[in-house]
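Student: model.cif is reproduced in full below (mmCIF, C-alpha atoms).
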```
data_start
#
loop_
_atom_site.group_PDB
_atom_site.id
_atom_site.type_symbol
_atom_site.label_atom_id
_atom_site.label_comp_id
_atom_site.auth_asym_id
_atom_site.auth_seq_id
_atom_site.Cartn_x
_atom_site.Cartn_y
_atom_site.Cartn_z
ATOM 1 C CA MET A 1 104.507 83.174 145.047
ATOM 2 C CA LYS A 2 107.498 83.226 142.724
ATOM 3 C CA LEU A 3 107.482 85.181 139.492
ATOM 4 C CA THR A 4 109.897 84.511 136.697
ATOM 5 C CA ILE A 5 111.064 86.252 133.523
ATOM 6 C CA LYS A 6 110.190 83.527 131.046
ATOM 7 C CA LYS A 7 111.629 85.262 127.993
ATOM 8 C CA TRP A 8 112.595 88.723 126.870
ATOM 9 C CA SER A 9 113.140 90.639 123.657
ATOM 10 C CA ALA A 10 115.108 93.788 122.962
ATOM 11 C CA ILE A 11 115.340 96.074 119.958
ATOM 12 C CA ASN A 12 117.772 98.955 119.623
ATOM 13 C CA ASP A 13 119.316 100.932 116.754
ATOM 14 C CA ARG A 14 121.715 98.107 116.015
ATOM 15 C CA GLU A 15 119.884 94.804 116.453
ATOM 16 C CA VAL A 16 117.022 92.606 117.614
ATOM 17 C CA ASN A 17 117.678 90.235 120.519
ATOM 18 C CA LEU A 18 115.665 87.391 121.994
ATOM 19 C CA ASN A 19 116.770 86.117 125.416
ATOM 20 C CA GLY A 20 120.193 87.584 124.740
ATOM 21 C CA ASN A 21 120.532 85.795 121.404
ATOM 22 C CA LEU A 22 120.989 87.874 118.287
ATOM 23 C CA LYS A 23 118.008 87.599 115.929
ATOM 24 C CA LEU A 24 118.672 90.395 113.455
ATOM 25 C CA VAL A 25 121.348 93.001 112.763
ATOM 26 C CA PHE A 26 120.220 96.263 111.180
ATOM 27 C CA ASP A 27 121.914 98.081 108.344
ATOM 28 C CA THR A 28 123.572 100.950 110.223
ATOM 29 C CA ALA A 29 122.837 103.339 107.337
ATOM 30 C CA ALA A 30 119.101 102.584 107.486
ATOM 31 C CA THR A 31 116.587 105.019 108.988
ATOM 32 C CA GLY A 32 114.486 104.088 112.015
ATOM 33 C CA ASP A 33 111.497 103.361 109.745
ATOM 34 C CA GLN A 34 113.628 101.156 107.507
ATOM 35 C CA LYS A 35 114.905 99.213 110.519
ATOM 36 C CA LEU A 36 111.356 98.667 111.762
ATOM 37 C CA GLU A 37 110.300 97.416 108.342
ATOM 38 C CA ALA A 38 113.345 95.109 108.182
ATOM 39 C CA ALA A 39 112.416 93.622 111.579
ATOM 40 C CA TYR A 40 108.837 93.115 110.364
ATOM 41 C CA ARG A 41 109.927 91.463 107.098
ATOM 42 C CA ALA A 42 112.310 89.158 108.994
ATOM 43 C CA LEU A 43 109.364 87.765 110.975
ATOM 44 C CA GLY A 44 107.647 86.582 107.790
ATOM 45 C CA VAL A 45 104.157 87.419 109.068
ATOM 46 C CA ALA A 46 101.374 89.221 107.219
ATOM 47 C CA TYR A 47 99.812 92.016 109.274
ATOM 48 C CA PRO A 48 98.942 94.927 106.949
ATOM 49 C CA LYS A 49 97.958 97.178 109.861
ATOM 50 C CA PHE A 50 101.631 97.280 110.866
ATOM 51 C CA PHE A 51 102.294 99.839 108.145
ATOM 52 C CA LYS A 52 99.603 102.158 109.453
ATOM 53 C CA MET A 53 101.123 102.380 112.931
ATOM 54 C CA ASP A 54 103.457 105.106 114.144
ATOM 55 C CA ALA A 55 107.090 104.183 114.849
ATOM 56 C CA GLN A 56 106.568 103.582 118.567
ATOM 57 C CA SER A 57 103.608 101.269 118.057
ATOM 58 C CA LYS A 58 105.566 99.394 115.390
ATOM 59 C CA LEU A 59 108.434 99.003 117.840
ATOM 60 C CA GLY A 60 106.186 97.712 120.637
ATOM 61 C CA TRP A 61 104.270 95.455 118.283
ATOM 62 C CA LEU A 62 107.547 93.963 117.025
ATOM 63 C CA SER A 63 108.916 93.548 120.556
ATOM 64 C CA ALA A 64 105.851 91.479 121.468
ATOM 65 C CA GLU A 65 105.918 89.604 118.173
ATOM 66 C CA TYR A 66 109.519 88.483 118.663
ATOM 67 C CA LEU A 67 108.451 86.921 121.973
ATOM 68 C CA CYS A 68 105.876 84.740 120.229
ATOM 69 C CA GLU A 69 106.262 81.024 119.900
ATOM 70 C CA GLU A 70 104.275 79.491 117.056
ATOM 71 C CA GLY A 71 102.403 82.768 116.687
ATOM 72 C CA LYS A 72 101.290 82.886 120.328
ATOM 73 C CA LEU A 73 102.503 85.443 122.827
ATOM 74 C CA PHE A 74 101.197 83.523 125.833
ATOM 75 C CA ASP A 75 100.672 79.800 125.842
ATOM 76 C CA SER A 76 98.085 79.035 128.476
ATOM 77 C CA SER A 77 96.345 82.095 129.888
ATOM 78 C CA ALA A 78 92.927 83.322 128.892
ATOM 79 C CA ALA A 79 92.762 86.760 127.259
ATOM 80 C CA GLN A 80 91.466 88.452 130.422
ATOM 81 C CA ASP A 81 94.295 86.939 132.515
ATOM 82 C CA VAL A 82 97.104 88.619 130.596
ATOM 83 C CA ALA A 83 98.270 92.090 131.669
ATOM 84 C CA LEU A 84 100.537 94.678 130.075
ATOM 85 C CA VAL A 85 102.703 97.203 131.923
ATOM 86 C CA LEU A 86 104.750 99.330 129.557
ATOM 87 C CA SER A 87 106.825 102.444 130.057
ATOM 88 C CA ASN A 88 109.047 105.064 128.473
ATOM 89 C CA ARG A 89 110.352 108.587 128.938
ATOM 90 C CA LYS A 90 108.946 110.597 126.044
ATOM 91 C CA SER A 91 105.371 109.300 125.979
ATOM 92 C CA SER A 92 104.120 109.766 122.366
ATOM 93 C CA LEU A 93 106.235 112.877 121.731
ATOM 94 C CA ASP A 94 107.557 111.644 118.361
ATOM 95 C CA THR A 95 104.062 111.474 116.868
ATOM 96 C CA ASP A 96 102.849 114.500 118.848
ATOM 97 C CA GLU A 97 105.516 116.577 117.109
ATOM 98 C CA GLN A 98 104.544 115.254 113.678
ATOM 99 C CA TYR A 99 100.914 116.067 114.312
ATOM 100 C CA GLN A 100 101.739 119.502 115.719
ATOM 101 C CA GLN A 101 103.743 120.231 112.570
ATOM 102 C CA SER A 102 100.745 119.358 110.381
ATOM 103 C CA LEU A 103 98.591 121.736 112.458
ATOM 104 C CA THR A 104 100.943 124.632 111.831
ATOM 105 C CA ASN A 105 101.168 124.138 108.072
ATOM 106 C CA GLU A 106 99.208 127.167 106.905
ATOM 107 C CA GLU A 107 99.558 126.416 103.190
ATOM 108 C CA GLU A 108 98.102 122.941 103.498
ATOM 109 C CA PHE A 109 96.041 122.622 106.657
ATOM 110 C CA LEU A 110 95.113 118.960 106.383
ATOM 111 C CA PRO A 111 96.089 117.195 109.635
ATOM 112 C CA SER A 112 95.918 113.440 109.292
ATOM 113 C CA PRO A 113 93.404 111.495 111.421
ATOM 114 C CA ALA A 114 95.635 108.420 111.039
ATOM 115 C CA VAL A 115 98.509 110.307 112.705
ATOM 116 C CA PHE A 116 96.254 111.827 115.384
ATOM 117 C CA VAL A 117 95.166 108.419 116.738
ATOM 118 C CA TYR A 118 98.774 107.672 117.729
ATOM 119 C CA THR A 119 99.190 110.818 119.857
ATOM 120 C CA LEU A 120 98.795 108.773 123.051
ATOM 121 C CA ALA A 121 101.523 106.600 124.547
ATOM 122 C CA ASN A 122 99.219 103.721 125.476
ATOM 123 C CA ILE A 123 98.106 103.176 121.864
ATOM 124 C CA VAL A 124 101.064 100.817 121.572
ATOM 125 C CA ALA A 125 99.471 98.647 124.285
ATOM 126 C CA GLY A 126 96.219 98.718 122.325
ATOM 127 C CA GLU A 127 97.934 97.516 119.166
ATOM 128 C CA ILE A 128 99.498 94.591 121.064
ATOM 129 C CA CYS A 129 96.163 93.743 122.714
ATOM 130 C CA ILE A 130 94.377 93.748 119.343
ATOM 131 C CA ARG A 131 97.016 91.525 117.793
ATOM 132 C CA HIS A 132 97.003 88.949 120.626
ATOM 133 C CA GLY A 133 93.429 89.287 121.871
ATOM 134 C CA ILE A 134 94.575 90.471 125.307
ATOM 135 C CA LYS A 135 91.779 91.808 127.522
ATOM 136 C CA GLY A 136 93.506 92.107 130.906
ATOM 137 C CA GLU A 137 94.792 95.106 132.869
ATOM 138 C CA ASN A 138 97.143 97.462 131.096
ATOM 139 C CA ASN A 139 99.061 100.529 132.082
ATOM 140 C CA PHE A 140 101.679 102.825 130.584
ATOM 141 C CA LEU A 141 104.126 104.498 132.957
ATOM 142 C CA ILE A 142 106.182 107.592 132.119
ATOM 143 C CA SER A 143 109.505 108.009 133.933
ATOM 144 C CA GLU A 144 112.810 109.839 133.450
ATOM 145 C CA SER A 145 114.648 106.585 132.793
ATOM 146 C CA PHE A 146 114.018 102.836 132.861
ATOM 147 C CA ASP A 147 112.326 102.260 136.216
ATOM 148 C CA ALA A 148 112.557 98.575 137.060
ATOM 149 C CA THR A 149 111.293 99.230 140.586
ATOM 150 C CA SER A 150 107.931 100.603 139.432
ATOM 151 C CA LEU A 151 107.535 97.913 136.763
ATOM 152 C CA VAL A 152 108.290 95.055 139.163
ATOM 153 C CA ASN A 153 106.155 96.509 141.968
ATOM 154 C CA TYR A 154 103.167 97.209 139.728
ATOM 155 C CA ALA A 155 103.261 93.865 137.915
ATOM 156 C CA THR A 156 103.790 91.944 141.158
ATOM 157 C CA LEU A 157 100.735 93.659 142.644
ATOM 158 C CA LEU A 158 98.658 92.548 139.642
ATOM 159 C CA PHE A 159 99.708 88.941 140.294
ATOM 160 C CA GLU A 160 99.134 89.237 144.058
ATOM 161 C CA GLU A 161 95.656 90.661 143.538
ATOM 162 C CA GLU A 162 94.998 87.832 141.060
ATOM 163 C CA LEU A 163 94.332 90.331 138.296
ATOM 164 C CA CYS A 164 96.565 88.393 135.927
ATOM 165 C CA GLN A 165 98.219 85.045 135.402
ATOM 166 C CA GLN A 166 100.808 86.324 132.945
ATOM 167 C CA CYS A 167 102.152 89.803 132.297
ATOM 168 C CA LEU A 168 104.203 91.607 129.714
ATOM 169 C CA VAL A 169 106.381 94.393 131.152
ATOM 170 C CA GLY A 170 108.734 96.652 129.310
ATOM 171 C CA TRP A 171 110.123 99.851 127.927
ATOM 172 C CA VAL A 172 109.317 101.093 124.429
ATOM 173 C CA GLU A 173 110.492 104.350 122.922
ATOM 174 C CA ALA A 174 110.903 105.552 119.355
ATOM 175 C CA TYR A 175 112.006 109.135 118.938
ATOM 176 C CA HIS A 176 113.413 110.866 115.871
ATOM 177 C CA GLY A 177 114.355 107.513 114.331
ATOM 178 C CA LYS A 178 116.068 106.177 117.442
ATOM 179 C CA LEU A 179 114.706 102.868 118.730
ATOM 180 C CA ARG A 180 114.875 101.269 122.155
ATOM 181 C CA SER A 181 112.673 98.568 123.601
ATOM 182 C CA VAL A 182 112.909 95.768 126.123
ATOM 183 C CA PHE A 183 109.922 93.487 126.750
ATOM 184 C CA ALA A 184 109.843 90.707 129.331
ATOM 185 C CA SER A 185 107.208 88.025 129.641
ATOM 186 C CA ILE A 186 106.441 87.311 133.309
ATOM 187 C CA GLU A 187 104.622 84.344 134.777
ATOM 188 C CA LYS A 188 104.136 82.454 138.016
ATOM 189 C CA THR A 189 106.498 79.611 138.618
ATOM 190 C CA THR A 190 107.262 76.883 141.112
ATOM 191 C CA GLU A 191 110.426 76.859 143.195
ATOM 192 C CA GLU A 192 111.852 73.960 141.205
ATOM 193 C CA LYS A 193 111.245 75.512 137.816
ATOM 194 C CA ALA A 194 112.343 79.031 138.765
ATOM 195 C CA GLY A 195 114.643 80.436 136.081
ATOM 196 C CA LEU A 196 115.445 84.126 136.032
ATOM 197 C CA LEU A 197 113.376 85.506 138.900
ATOM 198 C CA PHE A 198 111.331 88.636 138.287
ATOM 199 C CA THR A 199 113.240 90.987 140.564
ATOM 200 C CA ILE A 200 114.268 94.640 140.240
ATOM 201 C CA GLU A 201 117.885 93.601 139.934
ATOM 202 C CA ASN A 202 117.237 91.022 137.208
ATOM 203 C CA LEU A 203 114.945 93.297 135.206
ATOM 204 C CA ASN A 204 117.569 96.050 135.374
ATOM 205 C CA GLN A 205 120.155 93.576 134.194
ATOM 206 C CA VAL A 206 118.011 92.515 131.235
ATOM 207 C CA TYR A 207 117.592 96.180 130.290
ATOM 208 C CA GLN A 208 121.264 97.009 130.664
ATOM 209 C CA THR A 209 122.582 94.011 128.743
ATOM 210 C CA SER A 210 120.569 95.071 125.725
ATOM 211 C CA GLU A 211 121.909 98.630 125.656
ATOM 212 C CA LEU A 212 124.062 99.721 122.766
ATOM 213 C CA MET B 1 88.401 107.343 83.130
ATOM 214 C CA SER B 2 90.841 104.420 83.285
ATOM 215 C CA GLU B 3 93.712 106.871 83.810
ATOM 216 C CA LEU B 4 91.860 108.462 86.718
ATOM 217 C CA ILE B 5 91.111 105.033 88.217
ATOM 218 C CA SER B 6 94.798 104.042 88.036
ATOM 219 C CA LYS B 7 95.862 107.328 89.609
ATOM 220 C CA LEU B 8 93.244 106.965 92.321
ATOM 221 C CA LYS B 9 94.389 103.438 93.188
ATOM 222 C CA GLN B 10 97.952 104.687 93.668
ATOM 223 C CA GLN B 11 96.757 107.619 95.773
ATOM 224 C CA ILE B 12 94.696 105.286 98.000
ATOM 225 C CA VAL B 13 97.701 103.001 98.555
ATOM 226 C CA ASP B 14 99.895 106.001 99.429
ATOM 227 C CA GLN B 15 97.375 107.824 101.628
ATOM 228 C CA LEU B 16 96.377 104.715 103.595
ATOM 229 C CA ASN B 17 99.881 103.225 103.880
ATOM 230 C CA LEU B 18 98.817 99.984 102.214
ATOM 231 C CA ALA B 19 102.456 98.959 101.892
ATOM 232 C CA ASP B 20 102.021 95.456 100.521
ATOM 233 C CA VAL B 21 99.105 96.222 98.206
ATOM 234 C CA ASP B 22 99.793 96.456 94.456
ATOM 235 C CA PRO B 23 97.623 99.324 93.168
ATOM 236 C CA ALA B 24 97.077 97.487 89.874
ATOM 237 C CA GLY B 25 95.654 94.543 91.817
ATOM 238 C CA ILE B 26 92.847 96.586 93.382
ATOM 239 C CA ASP B 27 89.456 95.723 91.877
ATOM 240 C CA GLU B 28 87.857 99.099 91.089
ATOM 241 C CA ASN B 29 84.384 97.605 91.446
ATOM 242 C CA ALA B 30 84.960 95.852 94.787
ATOM 243 C CA PRO B 31 83.681 97.419 98.044
ATOM 244 C CA LEU B 32 86.381 99.421 99.845
ATOM 245 C CA PHE B 33 84.985 98.680 103.300
ATOM 246 C CA GLY B 34 84.071 95.431 105.001
ATOM 247 C CA GLU B 35 85.613 93.266 102.327
ATOM 248 C CA GLY B 36 88.001 94.015 99.480
ATOM 249 C CA LEU B 37 90.715 96.208 101.005
ATOM 250 C CA GLY B 38 89.107 95.826 104.451
ATOM 251 C CA LEU B 39 89.392 99.492 105.359
ATOM 252 C CA ASP B 40 88.343 100.896 108.753
ATOM 253 C CA SER B 41 86.853 104.125 110.097
ATOM 254 C CA ILE B 42 90.193 105.961 110.257
ATOM 255 C CA ASP B 43 90.775 105.000 106.629
ATOM 256 C CA ALA B 44 87.433 106.592 105.788
ATOM 257 C CA LEU B 45 88.663 109.875 107.279
ATOM 258 C CA GLU B 46 91.897 109.556 105.315
ATOM 259 C CA LEU B 47 89.893 109.058 102.103
ATOM 260 C CA ILE B 48 87.998 112.284 102.833
ATOM 261 C CA LEU B 49 91.385 113.973 103.193
ATOM 262 C CA LEU B 50 92.566 112.438 99.912
ATOM 263 C CA MET B 51 89.558 113.862 98.056
ATOM 264 C CA GLN B 52 90.075 117.295 99.589
ATOM 265 C CA LYS B 53 93.834 117.403 99.049
ATOM 266 C CA ASN B 54 93.996 116.041 95.518
ATOM 267 C CA TYR B 55 90.652 116.995 93.980
ATOM 268 C CA ASN B 56 89.456 119.892 96.119
ATOM 269 C CA ILE B 57 86.300 117.939 96.935
ATOM 270 C CA LYS B 58 84.665 118.284 100.349
ATOM 271 C CA ILE B 59 82.344 115.492 101.384
ATOM 272 C CA ALA B 60 79.262 117.174 102.832
ATOM 273 C CA THR B 61 77.429 114.348 104.596
ATOM 274 C CA ALA B 62 78.015 110.804 105.875
ATOM 275 C CA GLU B 63 75.414 109.508 103.400
ATOM 276 C CA GLU B 64 77.264 111.130 100.513
ATOM 277 C CA GLY B 65 80.536 109.652 101.764
ATOM 278 C CA GLN B 66 79.037 106.188 101.976
ATOM 279 C CA LYS B 67 78.005 106.410 98.315
ATOM 280 C CA ILE B 68 81.238 107.956 97.045
ATOM 281 C CA PHE B 69 83.493 105.537 98.921
ATOM 282 C CA SER B 70 81.597 102.389 97.974
ATOM 283 C CA SER B 71 84.316 101.516 95.424
ATOM 284 C CA VAL B 72 87.229 103.047 93.515
ATOM 285 C CA ARG B 73 84.982 103.365 90.462
ATOM 286 C CA ALA B 74 82.365 105.256 92.489
ATOM 287 C CA MET B 75 85.091 107.632 93.673
ATOM 288 C CA ALA B 76 86.300 108.156 90.097
ATOM 289 C CA ASP B 77 82.734 108.766 88.870
ATOM 290 C CA PHE B 78 82.207 111.398 91.539
ATOM 291 C CA ILE B 79 85.524 113.117 90.813
ATOM 292 C CA GLU B 80 84.773 113.211 87.089
ATOM 293 C CA ALA B 81 81.298 114.624 87.662
ATOM 294 C CA HIS B 82 82.759 117.233 90.038
ATOM 295 C CA GLN B 83 85.400 118.270 87.510
ATOM 296 C CA LYS B 84 82.805 118.700 84.753
ATOM 297 C CA ALA B 85 80.508 120.774 86.971
#
```
Taking this structure as input, can you express it in the form of structure tokens?

Tutor:
Amino acid sequence: MKLTIKKWSAINDREVNLNGNLKLVFDTAATGDQKLEAAYRALGVAYPKFFKMDAQSKLGWLSAEYLCEEGKLFDSSAAQDVALVLSNRKSSLDTDEQYQQSLTNEEEFLPSPAVFVYTLANIVAGEICIRHGIKGENNFLISESFDATSLVNYATLLFEEELCQQCLVGWVEAYHGKLRSVFASIEKTTEEKAGLLFTIENLNQVYQTSEL
Amino acid sequence: MSELISKLKQQIVDQLNLADVDPAGIDENAPLFGEGLGLDSIDALELILLMQKNYNIKIATAEEGQKIFSSVRAMADFIEAHQKA
């Protein structure tokens, strides 16, 4: 069985990329939130829930959205045949800190339920699943740095065990206004059609080429 | 009352992060949940927070909340009654 990286998106503090092609350049003076909103506006879609998400979920949601063709993330697979394997280093620390701060405000002790729901790293996967109707396996891995080995091994196992027909793998981290994501759409392929094979080396290369 | 309704609409937009919603365009008589603004359960909790933070009103029961949050006008009526009490 051959697996291929069909397409990939990357967002960092400077730009949005799709398959290595520049899609959007951010205003360098803009904050992380402003950059996320600019990327959302550039898509020209209407999804009011976007504005209720925390920065990391916005970043993951956008990374998946930029992979869409005609509004669809995956072309042929049924909802239960699509898997998600995401990762980062800081889990949901950005939002955890915000929530912790609201808990320690003695003058106005009114912690926000809307912030609390984002104090889990895998909420970003949930937001993507809701948007695209995905019902397959999903997992969120925490590692010191981008770990292509774990992502490739885990996703490959899902294909081998026939738990998915297509899979989205990636890295998504928003922390203190700094943005970094790389999402790759993986699917089975035939020898003749094989493009960029889903290997540790190639996934590392995709990640590295989209670094600042 | 109309001043309170306008203020309330702005506060709802701010509290619930309804970024693309024009406060003036909110129908004060329309249901807040299910249709209209299409709010969800987390939004309901945020509305409770809004009432507590801005008007020092604590919602005692789910039934009371259901009545108060049926529309912007219902919220304004409750706030006005609470302020007079």

Student: Write out as a list of chain:residue names which residues come within 10 Å of Phe74 in chain A when counting all atoms listed in the file, dropping same-chain ones fewer than 2 positions away.

Tutor: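 Selected residues are A:Leu67, A:Cys68, A:Glu69, A:Gly71, A:Lys72, A:Ser76, A:Ser77, A:Ala78, A:Ala79, A:Val82, A:His132, A:Ile134, A:Gln166, A:Cys167, A:Leu168, A:Ser185, A:Ile186, A:Glu187.
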
Student: Can you measure CA of Ser112 in chain A to CA of Ala44 in chain B for me? One decimal in Å is fine.

Tutor: 11.5 Å

Student: Give me the residues within 8 Å of Trp61 in chain A as a PDB file with C-alpha atoms, keeping the file's coordinate frame, counting only C-alpha atoms and dropping any in the same chain fewer than 3 places off.

Tutor:
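The resulting file, part.pdb, is reproduced below:
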```pdb
ATOM      1  CA  SER A  57     103.608 101.269 118.057  1.00  0.00           C
ATOM      2  CA  LYS A  58     105.566  99.394 115.390  1.00  0.00           C
ATOM      3  CA  ALA A  64     105.851  91.479 121.468  1.00  0.00           C
ATOM      4  CA  GLU A  65     105.918  89.604 118.173  1.00  0.00           C
ATOM      5  CA  VAL A 124     101.064 100.817 121.572  1.00  0.00           C
ATOM      6  CA  GLU A 127      97.934  97.516 119.166  1.00  0.00           C
ATOM      7  CA  ILE A 128      99.498  94.591 121.064  1.00  0.00           C
TER       8      ILE A 128
END
```

Student: So which residues are close to (109.9, 105.0, 116.9), meaning at most 6 Å away in the file's coordinates with all atoms listed in the file counted, and can you show them as a tab-separated table (two decimals) with C-alpha atoms, keeping the file's coordinate frame?

Tutor:
```tsv
chain	number	residue	atom	x	y	z
A	55	ALA	CA	107.09	104.18	114.85
A	56	GLN	CA	106.57	103.58	118.57
A	174	ALA	CA	110.90	105.55	119.36
A	175	TYR	CA	112.01	109.14	118.94
A	177	GLY	CA	114.36	107.51	114.33
A	179	LEU	CA	114.71	102.87	118.73
```

Student: Would you be able to write out as a VMD selection string which residues have an atom within 10 Å of (94.5, 102.4, 99.0) in the file's coordinates, counting only C-alpha atoms?

Tutor: chain B and resid 8 to 19 21 to 23 26 32 37 39 43 46 to 47 72

Student: Tell me, in Å to one decimal, how far CA of Lys7 in chain A is from CA of Asn19 in chain A.

Tutor: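 Computed distance, CA of Lys7 in chain A to CA of Asn19 in chain A, equals 5.8 Å.
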
Student: Kindly provide, as a VMD selection string, the residues of chain A having any atom no farther than 9 Å from an atom of chain B, counting all atoms listed in the file.

Tutor: chain A and resid 48 to 49 51 to 52 108 110 to 114 117

Student: What would the selection look like, as a PyMOL selection string, if the PyMOL selection byres ((chain A and resi 169) around 9) were run on the coordinates I just shared?

Tutor: chain A and resi 83-87+151-152+155+167-168+170-171+182-186

Student: I want to know what sits within 8 Å of Leu197 in chain A, based on all atoms listed in the file, with residues of the same chain fewer than 2 positions away left out; could you give that as a PyMOL selection string?

Tutor: chain A and resi 2-5+194-195+199+202

Student: Starting from the displayed file, determine the output of the PyMOL selection byres ((chain A and resi 137) around 8) and express the residue list as a list in words.

Tutor: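 When the PyMOL selection byres ((chain A and resi 137) around 8) is applied to the shown file, the picked residues are Gln80, Val82, Ala83, Leu84, Lys135, Gly136, Asn138, Asn139, Leu163 and Cys164 of chain A.
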
Student: Could you turn the residues from that selection into a file that holds C-alpha atoms, as a PDB file, in the frame of the given file?

Tutor:
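Generated output (part_0.pdb):
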```
ATOM      1  CA  GLN A  80      91.466  88.452 130.422  1.00  0.00           C
ATOM      2  CA  VAL A  82      97.104  88.619 130.596  1.00  0.00           C
ATOM      3  CA  ALA A  83      98.270  92.090 131.669  1.00  0.00           C
ATOM      4  CA  LEU A  84     100.537  94.678 130.075  1.00  0.00           C
ATOM      5  CA  LYS A 135      91.779  91.808 127.522  1.00  0.00           C
ATOM      6  CA  GLY A 136      93.506  92.107 130.906  1.00  0.00           C
ATOM      7  CA  ASN A 138      97.143  97.462 131.096  1.00  0.00           C
ATOM      8  CA  ASN A 139      99.061 100.529 132.082  1.00  0.00           C
ATOM      9  CA  LEU A 163      94.332  90.331 138.296  1.00  0.00           C
ATOM     10  CA  CYS A 164      96.565  88.393 135.927  1.00  0.00           C
TER      11      CYS A 164
END
```

Student: One decimal, in Å: what's the spacing between CA of Ile48 in chain B and CA of Asp94 in chain A?

Tutor: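 About the pair CA of Ile48 in chain B and CA of Asp94 in chain A: they are 25.0 Å apart.
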
Student: Which residues, written as an mmCIF file with C-alpha atoms, in the coordinates of the input, have at least one atom at most 9 Å from Tyr66 in chain A, with only C-alpha atoms counted and residues fewer than 3 positions away on the same chain left out?

Tutor:
```cif
data_model
loop_
_atom_site.group_PDB
_atom_site.id
_atom_site.type_symbol
_atom_site.label_atom_id
_atom_site.label_comp_id
_atom_site.auth_asym_id
_atom_site.auth_seq_id
_atom_site.Cartn_x
_atom_site.Cartn_y
_atom_site.Cartn_z
ATOM 1 C CA TRP A 8 112.595 88.723 126.870
ATOM 2 C CA SER A 9 113.140 90.639 123.657
ATOM 3 C CA ALA A 10 115.108 93.788 122.962
ATOM 4 C CA VAL A 16 117.022 92.606 117.614
ATOM 5 C CA ASN A 17 117.678 90.235 120.519
ATOM 6 C CA LEU A 18 115.665 87.391 121.994
ATOM 7 C CA LYS A 23 118.008 87.599 115.929
ATOM 8 C CA LEU A 43 109.364 87.765 110.975
ATOM 9 C CA TRP A 61 104.270 95.455 118.283
ATOM 10 C CA LEU A 62 107.547 93.963 117.025
ATOM 11 C CA SER A 63 108.916 93.548 120.556
ATOM 12 C CA GLU A 69 106.262 81.024 119.900
ATOM 13 C CA LEU A 73 102.503 85.443 122.827
#
```

Student: At a cut-off of 6 Å, using all atoms listed in the file, what residues contact Ser71 in chain B? Leave out same-chain residues fewer than 2 positions from it and give the result as a count of residues only.

Tutor: 7

Student: Using the file's own x, y and z axes, so that the box edges lie along x, y and z, what centre and edge lengths in Å (one decimal) does a box around every listed atom of range 83-91 of chain A get when 8 Å is added on each side? Give it as JSON.

Tutor:
```
{"center_x": 104.3, "center_y": 101.3, "center_z": 129.0, "size_x": 28.1, "size_y": 34.5, "size_z": 21.9}
```

Student: Would you kindly translate the PyMOL selection byres ((chain B and resi 76-78) around 12) into the concrete residues it picks from this file, as a ChimeraX atom specification?

Tutor: /B:1-9,11-12,28-29,51,55,57-59,64-65,67-75,79-85

Student: My list of candidates is A:Gln100, A:Lys35, A:Glu15, A:Gly20. Which is closest to Gln205 in chain A when distances are computed with all atoms listed in the file?

Tutor: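 Of all the options, A:Gly20 lies closest to Gln205 in chain A.
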